[in-house]
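Worksheet for the structure shown next.
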Amino acid sequence: MADEMTFWDYSRSQTLSRYNGARIDVRELAELCRVRGDAERADVEPPSPDAMAQIHPLALKRPRRWETAIAATIYAGSGQVAARQEIIKARELLDRLPKADRSTLTVPRMLALVPTMIAGFRFSRRSETFNPEANRYLDGARFLSALLEDRPALDVEIGLCAHRAGVSDPVLPEHVSPTGAGRMVAFVGALLDNSLAGRRTVNVSQQTATDRAASTVNSLVFTRYASEGRVEDLLRILDQHADDIRSVLARHNAVSDTEFRFTPLDPFSELVERDMDEAFGPDWSGAPAQPRWRTGGTLDAAVEAAKGKMARFMRDEPLDVDRLIRLHKDSDEPSERGVSALQWFDRHQRQPLQVRARYDVAFHHRLALATLAKNGVGIGMERGWDAYQWLAWNAAYGTPRTAMPLLYARSSTEPASHVSLRSFNLRQFW
């Protein structure tokens with residue numbers, strides 16, 4: 001129906017998760033706000049059902065009523081009471097939309113997509129260049145345009161590179177948080193289920209328990225397990241994490257119009273390794289053989305930025321891999337895959353800083369090229385978001401001034417509070 005949208009609860013409390021995947025009239029958002037407010041004992045005054053529907057999608061009439069409807073929709077989905085300075089960011093996002101998209105925007109489509117984007121993505125006018133804390137409005141407008149395009153298919157790329165733990169106690173949790181992972185999937189579902197694409201596919205990539213895990217898991221974490229003779233324990237946990245994510249995606253797929261696919265990271269990593277061979281030769285340390293990697297270019301700038309990030313992970317002393325292999329073979333769970341992972345880790349640790357930096361830049365550049373080839377969008381859900389990643393995407397789409405359909409979800413270390421969006425986060429669910 002014309003006034004309907006698909007509802008997903010991506011809040012911390014999951015108070016309204018029983019309605020996930022339901023088609024609702026926009027007027028019902030007012031009742032969902034009341035139900036959430038009563039359950040969470042929040043002092044929230046929802047608008048009337050008719051007030052939700054009787055707004056102008058671009059706030060050209062009764063702007064205060066429009067702001068109230070935006071705030072109510074944010075609260076219904078996220079459980080957060082947004083501040084006015086956060087709510088009005090929705091108007092700036094709409095102002096950046098192409099005229100063709102603005103002219104066809106309906107109230108249900110706007111309420112389904114724009115408040116969700118404001119709740120889940122932080123935007124700032126000060127983000128016209130790289131900002132690790134916020135997205136650019138021009139990228140948000142291109143992302144929203146992709147959701148509003150009537151097209152046969154829309155593909156979304158999400159990489160989960162969150163196999164890391166605190167420096168003081170570098171171990172992996174036994175399981176992925178089901179609530180945290182479920183919230184991430186619900187948020188993406190809220191966007192994709194309300195898009196105009198005929199088929200929506202979300203590719204969730206994650207490292208599984210293979211040799212390459214030795215170079216994608218945080219090096220402090222891998223070294224901790226290796227030095228305790230527990231490499232197989234680490235690989236078992238990675239298997240469990242993959243199973244956890246698959247289970248979350250399967251539950252979502254049962255009620256969603258969007259198909260979430262679990263994708264092991266290794267095939268993609270192999271593509272990146274071939275890119276590296278072609279660009280820099282077999283040991284990846286040669287002079288660039290391709291113009292896009294030339295000195296002074298965007299990818300070269302990304303490599304320099306990556307060096308600064310990665311220098312702190314370089315070992316001062318060579319790794320005694322033979323000792324670690326002996327520890328593993330003498331452990332309670334010796335395995336061939338454990339030996340292979342240790343050997344891979346040793347090779348990775350011996351790589352010069354420039355080679356490591358080149359590889360990480362090539363990884364994100366290849367992800368950007370894959371997204372561009374599909375005319376898709378990217379959603380950042382991994383913990384880190386650094387300048388070199390941003391530059392690697394820029395190199396695929398043109399220049400740093402070119403709009404990219406890539407947005408990173410909110411991340412916050414502030415104590416949880418339902419007041420404002422400052423403490424709201426969707427990325428730290430490991």
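For the structure tokens, the naming scheme is as follows: chains receive sequential letters (A, B, ...) according to their order of presentation, residues are indexed from 1 within each chain, and ligands are indexed from 1 in presentation order.
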
Within 7 Å of A:Tyr388, counting only C-alpha atoms, which residues show up once you throw out same-chain ones fewer than 6 positions away? Write them as a list in words, please.
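Within the cut-off, the hits are Ala302, Val303, Ala305, Ala306 and Val361 of chain A.
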
Provide the atom CA of A:Pro178 to atom CA of A:Leu426 distance in Å, to one decimal place.
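Those two atoms sit 12.7 Å apart.
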
Would you kindly return, as a PyMOL selection string, each protein, DNA or RNA residue with an atom no farther than 12 Å from any atom of A:Glu304, considering only C-alpha atoms and excluding same-chain residues fewer than 5 positions away?
chain A and resi 293+295-299+309-311+353-358+360-361+387-389+391-392

Those same residues, written as an mmCIF file, in the first residue's frame with C-alpha atoms?
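Saved as part07.cif:
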```
data_model
loop_
_atom_site.group_PDB
_atom_site.id
_atom_site.type_symbol
_atom_site.label_atom_id
_atom_site.label_comp_id
_atom_site.auth_asym_id
_atom_site.auth_seq_id
_atom_site.Cartn_x
_atom_site.Cartn_y
_atom_site.Cartn_z
ATOM 1 C CA TRP A 293 49.919 3.149 -8.008
ATOM 2 C CA THR A 295 54.109 8.099 -6.802
ATOM 3 C CA GLY A 296 51.985 11.097 -5.854
ATOM 4 C CA GLY A 297 48.697 9.421 -6.747
ATOM 5 C CA THR A 298 45.763 8.688 -4.439
ATOM 6 C CA LEU A 299 46.787 5.055 -3.838
ATOM 7 C CA LYS A 309 48.762 3.123 11.149
ATOM 8 C CA MET A 310 50.587 -0.188 10.836
ATOM 9 C CA ALA A 311 54.001 0.747 12.206
ATOM 10 C CA LEU A 353 56.111 -2.188 6.438
ATOM 11 C CA GLN A 354 55.622 -0.929 2.882
ATOM 12 C CA VAL A 355 54.441 -4.347 1.678
ATOM 13 C CA ARG A 356 51.916 -4.655 4.495
ATOM 14 C CA ALA A 357 50.654 -1.159 3.831
ATOM 15 C CA ARG A 358 50.345 -1.845 0.109
ATOM 16 C CA ASP A 360 45.843 -3.352 3.093
ATOM 17 C CA VAL A 361 45.334 -0.497 0.634
ATOM 18 C CA ALA A 387 42.320 7.588 6.197
ATOM 19 C CA TYR A 388 44.058 4.964 4.062
ATOM 20 C CA GLN A 389 40.817 3.003 3.648
ATOM 21 C CA LEU A 391 41.687 7.028 0.093
ATOM 22 C CA ALA A 392 41.646 3.484 -1.315
#
```

Fewer than 6 positions away in the same chain doesn't count, so skip those; otherwise give me all residues within 8 Å of A:Ser17, counting only C-alpha atoms, as an mmCIF file with C-alpha atoms, in the first residue's frame.
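Full text of around_31.cif as output:
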```cif
data_model
loop_
_atom_site.group_PDB
_atom_site.id
_atom_site.type_symbol
_atom_site.label_atom_id
_atom_site.label_comp_id
_atom_site.auth_asym_id
_atom_site.auth_seq_id
_atom_site.Cartn_x
_atom_site.Cartn_y
_atom_site.Cartn_z
ATOM 1 C CA TRP A 8 12.986 -3.229 11.843
ATOM 2 C CA ASP A 9 14.060 -2.708 15.448
ATOM 3 C CA TYR A 10 17.818 -2.020 15.672
#
```

For stretch 118-145 of chain A against stretch 180-202 of chain A, with a cut-off of 10 Å and counting only C-alpha atoms, what is the closest atom pair and its distance in Å to one decimal for every residue that makes the cut, ordered by chain and number, as JSON lines?
```
{"residue": "A:Ala119", "atom": "CA", "partner": "A:Phe187", "partner_atom": "CA", "distance": 9.4}
{"residue": "A:Gly120", "atom": "CA", "partner": "A:Phe187", "partner_atom": "CA", "distance": 7.4}
{"residue": "A:Leu144", "atom": "CA", "partner": "A:Ser195", "partner_atom": "CA", "distance": 9.0}
{"residue": "A:Ser145", "atom": "CA", "partner": "A:Ser195", "partner_atom": "CA", "distance": 9.6}
```

Write out the residues from the selection above, keeping N, CA and C atoms, as a CSV table (one decimal), in the first residue's frame.
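Output file again17.csv follows:
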```
chain,number,residue,atom,x,y,z
A,119,ALA,N,19.9,7.9,12.2
A,119,ALA,CA,20.1,7.2,13.4
A,119,ALA,C,21.4,6.3,13.3
A,120,GLY,N,21.6,5.7,12.2
A,120,GLY,CA,22.7,4.7,12.1
A,120,GLY,C,24.0,5.3,11.5
A,144,LEU,N,21.8,7.3,-0.5
A,144,LEU,CA,20.3,7.4,-0.5
A,144,LEU,C,19.7,7.3,-1.9
A,145,SER,N,20.4,7.9,-2.9
A,145,SER,CA,19.9,7.9,-4.3
A,145,SER,C,19.9,6.4,-4.8
```

Could you go through stretch 240-274 of chain A and tell me which residues DSSP, when run on the backbone, assigns to helix (DSSP H, G or I), listing them as a list of chain:residue names?
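Matching residues, listed in order: A:Gln240, A:His241, A:Ala242, A:Asp243, A:Asp244, A:Ile245, A:Arg246, A:Ser247, A:Val248, A:Leu249, A:Ala250, A:Arg251, A:His252, A:Asn253, A:Asp266, A:Pro267, A:Phe268, A:Ser269, A:Glu270, A:Leu271, A:Val272, A:Glu273, A:Arg274.
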
Given the selection you just returned, output its residues as a file containing N, CA and C atoms, formatted as a PDB file, in the first residue's frame.
```pdb
ATOM      1  N   GLN A 240      33.557 -20.879  15.248  1.00  0.00           N
ATOM      2  CA  GLN A 240      32.337 -20.595  16.001  1.00  0.00           C
ATOM      3  C   GLN A 240      31.765 -19.229  15.623  1.00  0.00           C
ATOM      4  N   HIS A 241      32.639 -18.238  15.461  1.00  0.00           N
ATOM      5  CA  HIS A 241      32.176 -16.910  15.051  1.00  0.00           C
ATOM      6  C   HIS A 241      31.473 -16.972  13.690  1.00  0.00           C
ATOM      7  N   ALA A 242      32.035 -17.733  12.768  1.00  0.00           N
ATOM      8  CA  ALA A 242      31.405 -17.873  11.450  1.00  0.00           C
ATOM      9  C   ALA A 242      30.028 -18.518  11.577  1.00  0.00           C
ATOM     10  N   ASP A 243      29.925 -19.553  12.409  1.00  0.00           N
ATOM     11  CA  ASP A 243      28.633 -20.201  12.629  1.00  0.00           C
ATOM     12  C   ASP A 243      27.638 -19.232  13.268  1.00  0.00           C
ATOM     13  N   ASP A 244      28.132 -18.418  14.210  1.00  0.00           N
ATOM     14  CA  ASP A 244      27.258 -17.443  14.863  1.00  0.00           C
ATOM     15  C   ASP A 244      26.677 -16.465  13.844  1.00  0.00           C
ATOM     16  N   ILE A 245      27.526 -15.938  12.966  1.00  0.00           N
ATOM     17  CA  ILE A 245      27.057 -14.973  11.973  1.00  0.00           C
ATOM     18  C   ILE A 245      26.094 -15.644  10.999  1.00  0.00           C
ATOM     19  N   ARG A 246      26.409 -16.859  10.564  1.00  0.00           N
ATOM     20  CA  ARG A 246      25.503 -17.574   9.664  1.00  0.00           C
ATOM     21  C   ARG A 246      24.123 -17.742  10.297  1.00  0.00           C
ATOM     22  N   SER A 247      24.084 -18.044  11.577  1.00  0.00           N
ATOM     23  CA  SER A 247      22.801 -18.240  12.269  1.00  0.00           C
ATOM     24  C   SER A 247      21.998 -16.939  12.309  1.00  0.00           C
ATOM     25  N   VAL A 248      22.666 -15.829  12.599  1.00  0.00           N
ATOM     26  CA  VAL A 248      21.986 -14.540  12.625  1.00  0.00           C
ATOM     27  C   VAL A 248      21.421 -14.205  11.248  1.00  0.00           C
ATOM     28  N   LEU A 249      22.209 -14.426  10.210  1.00  0.00           N
ATOM     29  CA  LEU A 249      21.749 -14.123   8.854  1.00  0.00           C
ATOM     30  C   LEU A 249      20.576 -15.014   8.457  1.00  0.00           C
ATOM     31  N   ALA A 250      20.630 -16.279   8.844  1.00  0.00           N
ATOM     32  CA  ALA A 250      19.543 -17.202   8.495  1.00  0.00           C
ATOM     33  C   ALA A 250      18.232 -16.778   9.156  1.00  0.00           C
ATOM     34  N   ARG A 251      18.302 -16.360  10.417  1.00  0.00           N
ATOM     35  CA  ARG A 251      17.079 -15.904  11.100  1.00  0.00           C
ATOM     36  C   ARG A 251      16.520 -14.664  10.425  1.00  0.00           C
ATOM     37  N   HIS A 252      17.379 -13.776  10.011  1.00  0.00           N
ATOM     38  CA  HIS A 252      16.923 -12.569   9.331  1.00  0.00           C
ATOM     39  C   HIS A 252      16.300 -12.902   7.975  1.00  0.00           C
ATOM     40  N   ASN A 253      16.948 -13.777   7.227  1.00  0.00           N
ATOM     41  CA  ASN A 253      16.462 -14.113   5.889  1.00  0.00           C
ATOM     42  C   ASN A 253      15.080 -14.742   5.917  1.00  0.00           C
ATOM     43  N   ASP A 266      38.518 -15.644   2.245  1.00  0.00           N
ATOM     44  CA  ASP A 266      39.675 -16.137   1.501  1.00  0.00           C
ATOM     45  C   ASP A 266      39.603 -15.923  -0.014  1.00  0.00           C
ATOM     46  N   PRO A 267      38.480 -16.230  -0.693  1.00  0.00           N
ATOM     47  CA  PRO A 267      38.452 -16.007  -2.151  1.00  0.00           C
ATOM     48  C   PRO A 267      38.722 -14.547  -2.533  1.00  0.00           C
ATOM     49  N   PHE A 268      38.192 -13.628  -1.735  1.00  0.00           N
ATOM     50  CA  PHE A 268      38.450 -12.218  -2.000  1.00  0.00           C
ATOM     51  C   PHE A 268      39.924 -11.893  -1.759  1.00  0.00           C
ATOM     52  N   SER A 269      40.501 -12.447  -0.690  1.00  0.00           N
ATOM     53  CA  SER A 269      41.916 -12.215  -0.394  1.00  0.00           C
ATOM     54  C   SER A 269      42.806 -12.723  -1.524  1.00  0.00           C
ATOM     55  N   GLU A 270      42.399 -13.831  -2.140  1.00  0.00           N
ATOM     56  CA  GLU A 270      43.177 -14.355  -3.268  1.00  0.00           C
ATOM     57  C   GLU A 270      43.172 -13.379  -4.441  1.00  0.00           C
ATOM     58  N   LEU A 271      42.036 -12.703  -4.673  1.00  0.00           N
ATOM     59  CA  LEU A 271      41.978 -11.683  -5.723  1.00  0.00           C
ATOM     60  C   LEU A 271      42.933 -10.537  -5.416  1.00  0.00           C
ATOM     61  N   VAL A 272      42.957 -10.137  -4.147  1.00  0.00           N
ATOM     62  CA  VAL A 272      43.850  -9.051  -3.744  1.00  0.00           C
ATOM     63  C   VAL A 272      45.305  -9.459  -3.940  1.00  0.00           C
ATOM     64  N   GLU A 273      45.615 -10.703  -3.621  1.00  0.00           N
ATOM     65  CA  GLU A 273      46.992 -11.185  -3.803  1.00  0.00           C
ATOM     66  C   GLU A 273      47.388 -11.167  -5.277  1.00  0.00           C
ATOM     67  N   ARG A 274      46.455 -11.493  -6.165  1.00  0.00           N
ATOM     68  CA  ARG A 274      46.744 -11.414  -7.604  1.00  0.00           C
ATOM     69  C   ARG A 274      46.947  -9.966  -8.027  1.00  0.00           C
TER      70      ARG A 274
END
```

What gap, in Å, lies between atom CA of A:Gly338 and atom CA of A:Ile158?
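Those two atoms sit 27.7 Å apart.
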
Residue nearest A:Leu16 - candidates A:Ala30, A:Ile237, A:Ala396, A:Val35, atoms counted: only C-alpha atoms
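Looking at the shortest contact to A:Leu16, the residue is A:Val35.
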
Using only C-alpha atoms, which residue out of A:Ser420, A:Thr399, A:Ser103, A:Thr413 lies closest to A:Arg292?
A:Thr399

Ranking A:Ala395, A:Met381, A:Leu58, A:Val321 by minimum distance to A:Leu369 and counting only C-alpha atoms, which one comes first?
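Once distances to A:Leu369 are computed over only C-alpha atoms, the minimum belongs to A:Ala395.
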
So that I can see what lies close to A:Asp233, please list as a list in words the residues with an atom at most 10 Å from it, counting only C-alpha atoms and leaving out residues fewer than 6 positions away in the same chain.
Glu174, Tyr225, Ala226, Asp239, Asp332, Glu333, Pro334 and Gly338 of chain A

Leaving out stretch 75-92 of chain A and any residue of its chain fewer than 5 positions from it, which residues lie within 9 Å of it when counting only C-alpha atoms, given as a count of residues only?
44

A:Val255: which residues within 9 Å, counting only C-alpha atoms, same-chain residues fewer than 4 positions away excluded, as an NGL selection string?
:A and (20-22 or 251)

Quick one: DSSP strand (DSSP E) residues in stretch 41-282 of chain A, as a ChimeraX atom specification?
/A:153-160,199-206,258-264
